[in-house]
Amino acid sequence: MKKRLLLFSLISLIAAVLLVFQGCKKDEESINQPPNCKISSPISAQEITKGETVTISAVATDTDGVISEVQFYVDDVKVGTVANSPYYYEWNTSNENIGNHILKTTCFDNDNSSASDQIDVVVIEEAITITDTRDGQKYIIVEIGDQTWFANNLNYETGDSWWYNNSESNGEIYGRLYTWDTAQIACPEGWRLPSDDDWKILEIQLGMSEIAANEESWRGTIEGDKMKSLSGWNNDGNGTNSSGFNGLPGGFYGLNYNSIGDIAGWWTSTEKSNSAAWERGLEYNSSQVFRFDPPKTFRLSVRCIKN
């Protein structure tokens, strides 16, 4: 009899423990998990020219439910709400002040739980442009030290110049590729192809030592990052563009088209030999600046400098 009572008590205890465990498990399952919320673009510290319309994009997911809405804020002022994916807001900066601004997104799930993400961006003065009177194309210009540069690759059609893969859409972004002889005469009136020394002045202005500037191959430390654009580079190879140079990876042509998205290469006006000339290059996986002497028959990008 005592054994039966003991067995009954043991079974009762196990049952009670299981009930408690199941209750705890249900309580855990009933706790709502907050959603995931992340601003995917623009990126933190990005410079935005006043007057631009910028797409603020958010990635919102929920592991135990669905996203009900995503709210967008500029400097703590709600500017938009989106209920369905894709989650984005078109921010017109025409009336924004020059300087830093905070962009924030708040994502809500179906249980009204929320999560937020925010970044700082910088609105800068409207870009100064010039118009090439030969074909009407506009180019942004930037002053770096005592020099004035194009902040776009040249896209003027002349002899021995091509779009990468003969694609006009590539030309709209990266400009044209030129042989060295053609590059000498490609810039518009009042502008010229920069010399090897012009490039050295730029590099030293950005922090490179004079000794390093006179070397070949990869030189400097982070001057390349200062020259690279904020976007457009493969494999997270974007730069800070703190110089305003806005270097884009237009690739090149040697025996065929190569490395768009990975490499930028620009002619200088300075010969290395009868068959080769100096160039400057940037690459997605380096923060330095490349100085090399390819054959003059190669096709590279052109940046113009003011006379």
# chains A, B, ... in the order shown; residues from 1 in each chain; ligands from 1
call {"tool": "select_by_dssp", "arguments": {"residues": "region 60-203 of chain A", "states": "alpha helix (DSSP H)", "output": "count of residues only"}}
result
19
call {"tool": "closest_atom_pairs", "arguments": {"of": "region 45-121 of chain A", "to": "region 230-248 of chain A", "cutoff": "10 Å", "atoms": "only C-alpha atoms", "output": "CSV"}}
result
residue,atom,partner,partner_atom,distance
A:Ala45,CA,A:Thr240,CA,8.6
A:Gln46,CA,A:Leu230,CA,7.1
A:Glu47,CA,A:Leu230,CA,8.5
call {"tool": "write_last_selection", "arguments": {"atoms": "N, CA and C atoms", "output": "short mmCIF file (atom, residue, chain, number, x, y, z; two decimals), in the first residue's frame"}}
result
data_model
loop_
_atom_site.label_atom_id
_atom_site.label_comp_id
_atom_site.auth_asym_id
_atom_site.auth_seq_id
_atom_site.Cartn_x
_atom_site.Cartn_y
_atom_site.Cartn_z
N ALA A 45 27.20 59.21 -42.48
CA ALA A 45 28.17 60.26 -42.83
C ALA A 45 28.16 60.61 -44.32
N GLN A 46 27.20 60.10 -45.08
CA GLN A 46 27.16 60.41 -46.51
C GLN A 46 26.90 61.89 -46.73
N GLU A 47 27.60 62.46 -47.70
CA GLU A 47 27.37 63.85 -48.09
C GLU A 47 26.30 63.90 -49.18
#
call {"tool": "residues_around", "arguments": {"residues": "Gly251 (chain A)", "least_positions_apart": "5", "cutoff": "7 Å", "atoms": "only C-alpha atoms", "output": "list in words"}}
result
Asn258, Ser259, Ile260, Gly261, Asp262, Ile263, Ala264 and Gly265 of chain A
call {"tool": "atom_distance", "arguments": {"atom1": "CA of Val79 (chain A)", "atom2": "CA of Asn97 (chain A)"}}
result
16.1 Å
call {"tool": "residues_around", "arguments": {"residues": "Leu177 (chain A)", "least_positions_apart": "2", "cutoff": "8 Å", "atoms": "only C-alpha atoms", "output": "compact mmCIF listing (two decimals) with N, CA, C and O atoms, in the first residue's frame"}}
result
# COMPACT_ATOMS: atom_id res chain seq x y z
N SER A 161 38.02 57.14 -78.59
CA SER A 161 37.39 57.12 -77.27
C SER A 161 36.17 56.21 -77.33
O SER A 161 35.49 56.14 -78.35
N TRP A 162 35.91 55.51 -76.23
CA TRP A 162 34.84 54.50 -76.22
C TRP A 162 34.15 54.48 -74.86
O TRP A 162 34.77 54.78 -73.83
N TRP A 163 32.89 54.09 -74.84
CA TRP A 163 32.24 53.71 -73.59
C TRP A 163 32.67 52.29 -73.25
O TRP A 163 32.92 51.47 -74.14
N TYR A 164 32.74 51.97 -71.97
CA TYR A 164 33.07 50.62 -71.54
C TYR A 164 32.04 49.65 -72.12
O TYR A 164 30.84 49.82 -71.96
N GLY A 175 31.80 57.90 -67.80
CA GLY A 175 32.45 58.63 -68.88
C GLY A 175 33.02 57.69 -69.94
O GLY A 175 32.67 56.51 -70.01
N THR A 179 42.54 56.61 -75.46
CA THR A 179 43.96 56.34 -75.60
C THR A 179 44.72 57.58 -75.12
O THR A 179 44.16 58.68 -75.02
N PHE A 252 39.05 49.72 -67.42
CA PHE A 252 40.01 50.12 -68.45
C PHE A 252 39.95 49.11 -69.59
O PHE A 252 39.25 48.10 -69.52
N TYR A 253 40.69 49.40 -70.65
CA TYR A 253 40.80 48.47 -71.78
C TYR A 253 42.28 48.28 -72.08
O TYR A 253 43.01 49.23 -72.35
N ARG A 299 43.22 52.08 -72.94
CA ARG A 299 42.12 53.05 -72.84
C ARG A 299 41.80 53.26 -71.36
O ARG A 299 41.40 52.34 -70.66
N LEU A 300 41.98 54.51 -70.92
CA LEU A 300 41.73 54.86 -69.53
C LEU A 300 40.78 56.04 -69.45
O LEU A 300 40.49 56.71 -70.44
N SER A 301 40.31 56.33 -68.24
CA SER A 301 39.45 57.48 -68.01
C SER A 301 40.27 58.77 -68.01
O SER A 301 41.50 58.75 -67.91
N VAL A 302 39.54 59.89 -68.11
CA VAL A 302 40.18 61.21 -68.11
C VAL A 302 39.49 62.11 -67.09
O VAL A 302 38.25 62.18 -67.05
call {"tool": "select_by_dssp", "arguments": {"residues": "region 54-266 of chain A", "states": "strand (DSSP E or B)", "output": "PyMOL selection string"}}
result
chain A and resi 54-61+67-74+77-82+87-92+99-109+114-124+128-131+138-144+147-150+161-162+177-178+191-192+217-219+228+247+252-253+257-258+263-266
call {"tool": "closest_atom_pairs", "arguments": {"of": "region 154-243 of chain A", "to": "region 133-140 of chain A", "cutoff": "10 Å", "atoms": "only C-alpha atoms", "output": "CSV"}}
result
residue,atom,partner,partner_atom,distance
A:Leu154,CA,A:Tyr139,CA,8.1
A:Asn155,CA,A:Gln137,CA,8.0
A:Tyr156,CA,A:Asp135,CA,7.3
A:Glu157,CA,A:Asp135,CA,8.7
A:Pro188,CA,A:Arg134,CA,7.6
A:Glu189,CA,A:Thr133,CA,8.9
call {"tool": "residues_around", "arguments": {"residues": "region 217-221 of chain A", "least_positions_apart": "6", "cutoff": "10 Å", "atoms": "only C-alpha atoms", "output": "list in words"}}
result
Glu203, Ile204, Leu206, Gly207, Met208, Ser209, Glu210, Ile211, Arg280, Gly281, Leu282, Ser286, Ser287, Gln288, Val289, Phe290, Arg291, Phe292 and Asp293 of chain A
call {"tool": "write_last_selection", "arguments": {"atoms": "N, CA and C atoms", "output": "PDB file, in the first residue's frame"}}
result
ATOM      1  N   GLU A 203      47.811  64.515 -54.365  1.00  0.00           N
ATOM      2  CA  GLU A 203      48.065  63.459 -53.379  1.00  0.00           C
ATOM      3  C   GLU A 203      48.699  64.022 -52.110  1.00  0.00           C
ATOM      4  N   ILE A 204      49.646  64.950 -52.276  1.00  0.00           N
ATOM      5  CA  ILE A 204      50.292  65.569 -51.116  1.00  0.00           C
ATOM      6  C   ILE A 204      49.288  66.422 -50.345  1.00  0.00           C
ATOM      7  N   LEU A 206      46.272  65.728 -49.958  1.00  0.00           N
ATOM      8  CA  LEU A 206      45.423  64.794 -49.222  1.00  0.00           C
ATOM      9  C   LEU A 206      46.184  64.040 -48.127  1.00  0.00           C
ATOM     10  N   GLY A 207      47.483  64.328 -47.976  1.00  0.00           N
ATOM     11  CA  GLY A 207      48.227  63.753 -46.865  1.00  0.00           C
ATOM     12  C   GLY A 207      49.384  62.854 -47.224  1.00  0.00           C
ATOM     13  N   MET A 208      49.619  62.578 -48.508  1.00  0.00           N
ATOM     14  CA  MET A 208      50.729  61.716 -48.907  1.00  0.00           C
ATOM     15  C   MET A 208      52.047  62.475 -48.749  1.00  0.00           C
ATOM     16  N   SER A 209      53.082  61.775 -48.346  1.00  0.00           N
ATOM     17  CA  SER A 209      54.395  62.415 -48.242  1.00  0.00           C
ATOM     18  C   SER A 209      54.973  62.628 -49.637  1.00  0.00           C
ATOM     19  N   GLU A 210      55.877  63.584 -49.752  1.00  0.00           N
ATOM     20  CA  GLU A 210      56.502  63.855 -51.050  1.00  0.00           C
ATOM     21  C   GLU A 210      57.322  62.657 -51.506  1.00  0.00           C
ATOM     22  N   ILE A 211      57.976  61.989 -50.567  1.00  0.00           N
ATOM     23  CA  ILE A 211      58.764  60.799 -50.913  1.00  0.00           C
ATOM     24  C   ILE A 211      57.862  59.732 -51.512  1.00  0.00           C
ATOM     25  N   ARG A 280      47.206  57.250 -62.953  1.00  0.00           N
ATOM     26  CA  ARG A 280      46.861  57.099 -61.544  1.00  0.00           C
ATOM     27  C   ARG A 280      45.703  56.117 -61.453  1.00  0.00           C
ATOM     28  N   GLY A 281      45.720  55.303 -60.402  1.00  0.00           N
ATOM     29  CA  GLY A 281      44.677  54.300 -60.264  1.00  0.00           C
ATOM     30  C   GLY A 281      44.218  54.119 -58.828  1.00  0.00           C
ATOM     31  N   LEU A 282      42.981  53.703 -58.675  1.00  0.00           N
ATOM     32  CA  LEU A 282      42.404  53.304 -57.399  1.00  0.00           C
ATOM     33  C   LEU A 282      41.817  51.913 -57.567  1.00  0.00           C
ATOM     34  N   SER A 286      41.939  48.547 -51.872  1.00  0.00           N
ATOM     35  CA  SER A 286      43.092  49.298 -51.375  1.00  0.00           C
ATOM     36  C   SER A 286      42.682  50.723 -51.019  1.00  0.00           C
ATOM     37  N   SER A 287      43.326  51.269 -49.983  1.00  0.00           N
ATOM     38  CA  SER A 287      43.110  52.661 -49.582  1.00  0.00           C
ATOM     39  C   SER A 287      44.199  53.573 -50.139  1.00  0.00           C
ATOM     40  N   GLN A 288      45.145  53.003 -50.900  1.00  0.00           N
ATOM     41  CA  GLN A 288      46.258  53.761 -51.445  1.00  0.00           C
ATOM     42  C   GLN A 288      45.972  54.213 -52.879  1.00  0.00           C
ATOM     43  N   VAL A 289      46.956  54.875 -53.485  1.00  0.00           N
ATOM     44  CA  VAL A 289      46.847  55.365 -54.858  1.00  0.00           C
ATOM     45  C   VAL A 289      47.956  54.715 -55.686  1.00  0.00           C
ATOM     46  N   PHE A 290      47.589  54.227 -56.865  1.00  0.00           N
ATOM     47  CA  PHE A 290      48.508  53.494 -57.733  1.00  0.00           C
ATOM     48  C   PHE A 290      49.110  54.429 -58.781  1.00  0.00           C
ATOM     49  N   ARG A 291      50.419  54.349 -58.969  1.00  0.00           N
ATOM     50  CA  ARG A 291      51.125  55.094 -60.026  1.00  0.00           C
ATOM     51  C   ARG A 291      51.835  54.075 -60.900  1.00  0.00           C
ATOM     52  N   PHE A 292      51.462  54.047 -62.185  1.00  0.00           N
ATOM     53  CA  PHE A 292      51.949  53.013 -63.076  1.00  0.00           C
ATOM     54  C   PHE A 292      52.138  53.622 -64.462  1.00  0.00           C
ATOM     55  N   ASP A 293      52.738  52.864 -65.381  1.00  0.00           N
ATOM     56  CA  ASP A 293      53.029  53.386 -66.720  1.00  0.00           C
ATOM     57  C   ASP A 293      52.560  52.410 -67.799  1.00  0.00           C
TER      58      ASP A 293
END
call {"tool": "decode", "arguments": {"residues": "region 132-146 of chain A", "atoms": "all heavy atoms", "output": "PDB file, in the first residue's frame"}}
result
ATOM      1  N   ASP A 132      30.169  71.856 -70.885  1.00  0.00           N
ATOM      2  CA  ASP A 132      31.071  71.709 -72.026  1.00  0.00           C
ATOM      3  C   ASP A 132      30.321  72.202 -73.260  1.00  0.00           C
ATOM      4  O   ASP A 132      29.349  71.580 -73.707  1.00  0.00           O
ATOM      5  CB  ASP A 132      31.469  70.236 -72.180  1.00  0.00           C
ATOM      6  CG  ASP A 132      32.573  70.033 -73.210  1.00  0.00           C
ATOM      7  OD1 ASP A 132      32.760  70.912 -74.083  1.00  0.00           O
ATOM      8  OD2 ASP A 132      33.246  68.984 -73.152  1.00  0.00           O
ATOM      9  N   THR A 133      30.752  73.331 -73.808  1.00  0.00           N
ATOM     10  CA  THR A 133      30.030  73.949 -74.927  1.00  0.00           C
ATOM     11  C   THR A 133      30.092  73.109 -76.200  1.00  0.00           C
ATOM     12  O   THR A 133      29.310  73.332 -77.127  1.00  0.00           O
ATOM     13  CB  THR A 133      30.597  75.351 -75.225  1.00  0.00           C
ATOM     14  OG1 THR A 133      32.008  75.242 -75.494  1.00  0.00           O
ATOM     15  CG2 THR A 133      30.380  76.275 -74.033  1.00  0.00           C
ATOM     16  N   ARG A 134      30.968  72.121 -76.240  1.00  0.00           N
ATOM     17  CA  ARG A 134      31.090  71.297 -77.441  1.00  0.00           C
ATOM     18  C   ARG A 134      29.910  70.338 -77.589  1.00  0.00           C
ATOM     19  O   ARG A 134      29.503  70.017 -78.710  1.00  0.00           O
ATOM     20  CB  ARG A 134      32.401  70.508 -77.404  1.00  0.00           C
ATOM     21  CG  ARG A 134      33.648  71.376 -77.352  1.00  0.00           C
ATOM     22  CD  ARG A 134      34.897  70.549 -77.110  1.00  0.00           C
ATOM     23  NE  ARG A 134      34.862  69.848 -75.822  1.00  0.00           N
ATOM     24  CZ  ARG A 134      35.823  69.042 -75.386  1.00  0.00           C
ATOM     25  NH1 ARG A 134      36.905  68.839 -76.145  1.00  0.00           N
ATOM     26  NH2 ARG A 134      35.731  68.450 -74.207  1.00  0.00           N
ATOM     27  N   ASP A 135      29.369  69.858 -76.463  1.00  0.00           N
ATOM     28  CA  ASP A 135      28.262  68.898 -76.553  1.00  0.00           C
ATOM     29  C   ASP A 135      27.167  69.125 -75.514  1.00  0.00           C
ATOM     30  O   ASP A 135      26.202  68.371 -75.447  1.00  0.00           O
ATOM     31  CB  ASP A 135      28.778  67.460 -76.440  1.00  0.00           C
ATOM     32  CG  ASP A 135      29.523  67.203 -75.135  1.00  0.00           C
ATOM     33  OD1 ASP A 135      29.505  68.078 -74.244  1.00  0.00           O
ATOM     34  OD2 ASP A 135      30.119  66.117 -74.993  1.00  0.00           O
ATOM     35  N   GLY A 136      27.324  70.177 -74.692  1.00  0.00           N
ATOM     36  CA  GLY A 136      26.287  70.521 -73.728  1.00  0.00           C
ATOM     37  C   GLY A 136      26.293  69.705 -72.448  1.00  0.00           C
ATOM     38  O   GLY A 136      25.423  69.890 -71.591  1.00  0.00           O
ATOM     39  N   GLN A 137      27.266  68.818 -72.274  1.00  0.00           N
ATOM     40  CA  GLN A 137      27.304  68.015 -71.054  1.00  0.00           C
ATOM     41  C   GLN A 137      27.816  68.839 -69.875  1.00  0.00           C
ATOM     42  O   GLN A 137      28.681  69.697 -70.030  1.00  0.00           O
ATOM     43  CB  GLN A 137      28.185  66.781 -71.251  1.00  0.00           C
ATOM     44  CG  GLN A 137      27.621  65.809 -72.265  1.00  0.00           C
ATOM     45  CD  GLN A 137      28.303  64.463 -72.188  1.00  0.00           C
ATOM     46  OE1 GLN A 137      28.068  63.673 -71.277  1.00  0.00           O
ATOM     47  NE2 GLN A 137      29.165  64.193 -73.164  1.00  0.00           N
ATOM     48  N   LYS A 138      27.251  68.554 -68.683  1.00  0.00           N
ATOM     49  CA  LYS A 138      27.635  69.266 -67.478  1.00  0.00           C
ATOM     50  C   LYS A 138      28.559  68.409 -66.618  1.00  0.00           C
ATOM     51  O   LYS A 138      28.391  67.201 -66.540  1.00  0.00           O
ATOM     52  CB  LYS A 138      26.399  69.660 -66.663  1.00  0.00           C
ATOM     53  CG  LYS A 138      25.562  70.756 -67.311  1.00  0.00           C
ATOM     54  CD  LYS A 138      24.433  71.192 -66.402  1.00  0.00           C
ATOM     55  CE  LYS A 138      23.658  72.336 -67.029  1.00  0.00           C
ATOM     56  NZ  LYS A 138      22.559  72.804 -66.131  1.00  0.00           N
ATOM     57  N   TYR A 139      29.502  69.081 -65.958  1.00  0.00           N
ATOM     58  CA  TYR A 139      30.437  68.409 -65.068  1.00  0.00           C
ATOM     59  C   TYR A 139      30.502  69.162 -63.746  1.00  0.00           C
ATOM     60  O   TYR A 139      30.565  70.403 -63.724  1.00  0.00           O
ATOM     61  CB  TYR A 139      31.840  68.341 -65.690  1.00  0.00           C
ATOM     62  CG  TYR A 139      31.894  67.539 -66.964  1.00  0.00           C
ATOM     63  CD1 TYR A 139      31.744  68.154 -68.208  1.00  0.00           C
ATOM     64  CD2 TYR A 139      32.063  66.161 -66.931  1.00  0.00           C
ATOM     65  CE1 TYR A 139      31.767  67.417 -69.380  1.00  0.00           C
ATOM     66  CE2 TYR A 139      32.092  65.416 -68.100  1.00  0.00           C
ATOM     67  CZ  TYR A 139      31.936  66.048 -69.323  1.00  0.00           C
ATOM     68  OH  TYR A 139      31.960  65.310 -70.479  1.00  0.00           O
ATOM     69  N   ILE A 140      30.482  68.415 -62.649  1.00  0.00           N
ATOM     70  CA  ILE A 140      30.691  69.002 -61.332  1.00  0.00           C
ATOM     71  C   ILE A 140      32.182  69.303 -61.182  1.00  0.00           C
ATOM     72  O   ILE A 140      33.028  68.522 -61.608  1.00  0.00           O
ATOM     73  CB  ILE A 140      30.227  68.040 -60.228  1.00  0.00           C
ATOM     74  CG1 ILE A 140      28.719  67.795 -60.337  1.00  0.00           C
ATOM     75  CG2 ILE A 140      30.579  68.572 -58.839  1.00  0.00           C
ATOM     76  CD1 ILE A 140      28.204  66.712 -59.415  1.00  0.00           C
ATOM     77  N   ILE A 141      32.483  70.449 -60.599  1.00  0.00           N
ATOM     78  CA  ILE A 141      33.883  70.782 -60.358  1.00  0.00           C
ATOM     79  C   ILE A 141      34.114  70.902 -58.852  1.00  0.00           C
ATOM     80  O   ILE A 141      33.195  71.206 -58.082  1.00  0.00           O
ATOM     81  CB  ILE A 141      34.321  72.067 -61.087  1.00  0.00           C
ATOM     82  CG1 ILE A 141      33.513  73.265 -60.609  1.00  0.00           C
ATOM     83  CG2 ILE A 141      34.186  71.895 -62.588  1.00  0.00           C
ATOM     84  CD1 ILE A 141      34.015  74.590 -61.164  1.00  0.00           C
ATOM     85  N   VAL A 142      35.346  70.641 -58.429  1.00  0.00           N
ATOM     86  CA  VAL A 142      35.686  70.673 -57.009  1.00  0.00           C
ATOM     87  C   VAL A 142      37.059  71.315 -56.839  1.00  0.00           C
ATOM     88  O   VAL A 142      37.968  71.079 -57.631  1.00  0.00           O
ATOM     89  CB  VAL A 142      35.680  69.247 -56.412  1.00  0.00           C
ATOM     90  CG1 VAL A 142      36.670  68.330 -57.114  1.00  0.00           C
ATOM     91  CG2 VAL A 142      35.943  69.284 -54.914  1.00  0.00           C
ATOM     92  N   GLU A 143      37.167  72.167 -55.833  1.00  0.00           N
ATOM     93  CA  GLU A 143      38.455  72.768 -55.496  1.00  0.00           C
ATOM     94  C   GLU A 143      39.111  71.938 -54.401  1.00  0.00           C
ATOM     95  O   GLU A 143      38.525  71.707 -53.344  1.00  0.00           O
ATOM     96  CB  GLU A 143      38.262  74.210 -55.025  1.00  0.00           C
ATOM     97  CG  GLU A 143      37.795  75.142 -56.132  1.00  0.00           C
ATOM     98  CD  GLU A 143      37.722  76.591 -55.680  1.00  0.00           C
ATOM     99  OE1 GLU A 143      38.066  76.859 -54.504  1.00  0.00           O
ATOM    100  OE2 GLU A 143      37.316  77.438 -56.483  1.00  0.00           O
ATOM    101  N   ILE A 144      40.338  71.501 -54.664  1.00  0.00           N
ATOM    102  CA  ILE A 144      41.121  70.730 -53.694  1.00  0.00           C
ATOM    103  C   ILE A 144      42.449  71.454 -53.545  1.00  0.00           C
ATOM    104  O   ILE A 144      43.285  71.430 -54.454  1.00  0.00           O
ATOM    105  CB  ILE A 144      41.325  69.278 -54.153  1.00  0.00           C
ATOM    106  CG1 ILE A 144      39.981  68.617 -54.472  1.00  0.00           C
ATOM    107  CG2 ILE A 144      42.080  68.491 -53.090  1.00  0.00           C
ATOM    108  CD1 ILE A 144      40.098  67.216 -55.059  1.00  0.00           C
ATOM    109  N   GLY A 145      42.634  72.110 -52.415  1.00  0.00           N
ATOM    110  CA  GLY A 145      43.802  72.967 -52.269  1.00  0.00           C
ATOM    111  C   GLY A 145      43.722  74.112 -53.255  1.00  0.00           C
ATOM    112  O   GLY A 145      42.693  74.799 -53.360  1.00  0.00           O
ATOM    113  N   ASP A 146      44.798  74.321 -54.013  1.00  0.00           N
ATOM    114  CA  ASP A 146      44.837  75.388 -55.021  1.00  0.00           C
ATOM    115  C   ASP A 146      44.434  74.896 -56.409  1.00  0.00           C
ATOM    116  O   ASP A 146      44.521  75.659 -57.381  1.00  0.00           O
ATOM    117  CB  ASP A 146      46.245  75.994 -55.090  1.00  0.00           C
ATOM    118  CG  ASP A 146      46.631  76.717 -53.803  1.00  0.00           C
ATOM    119  OD1 ASP A 146      45.724  77.272 -53.148  1.00  0.00           O
ATOM    120  OD2 ASP A 146      47.829  76.710 -53.446  1.00  0.00           O
TER     121      ASP A 146
END
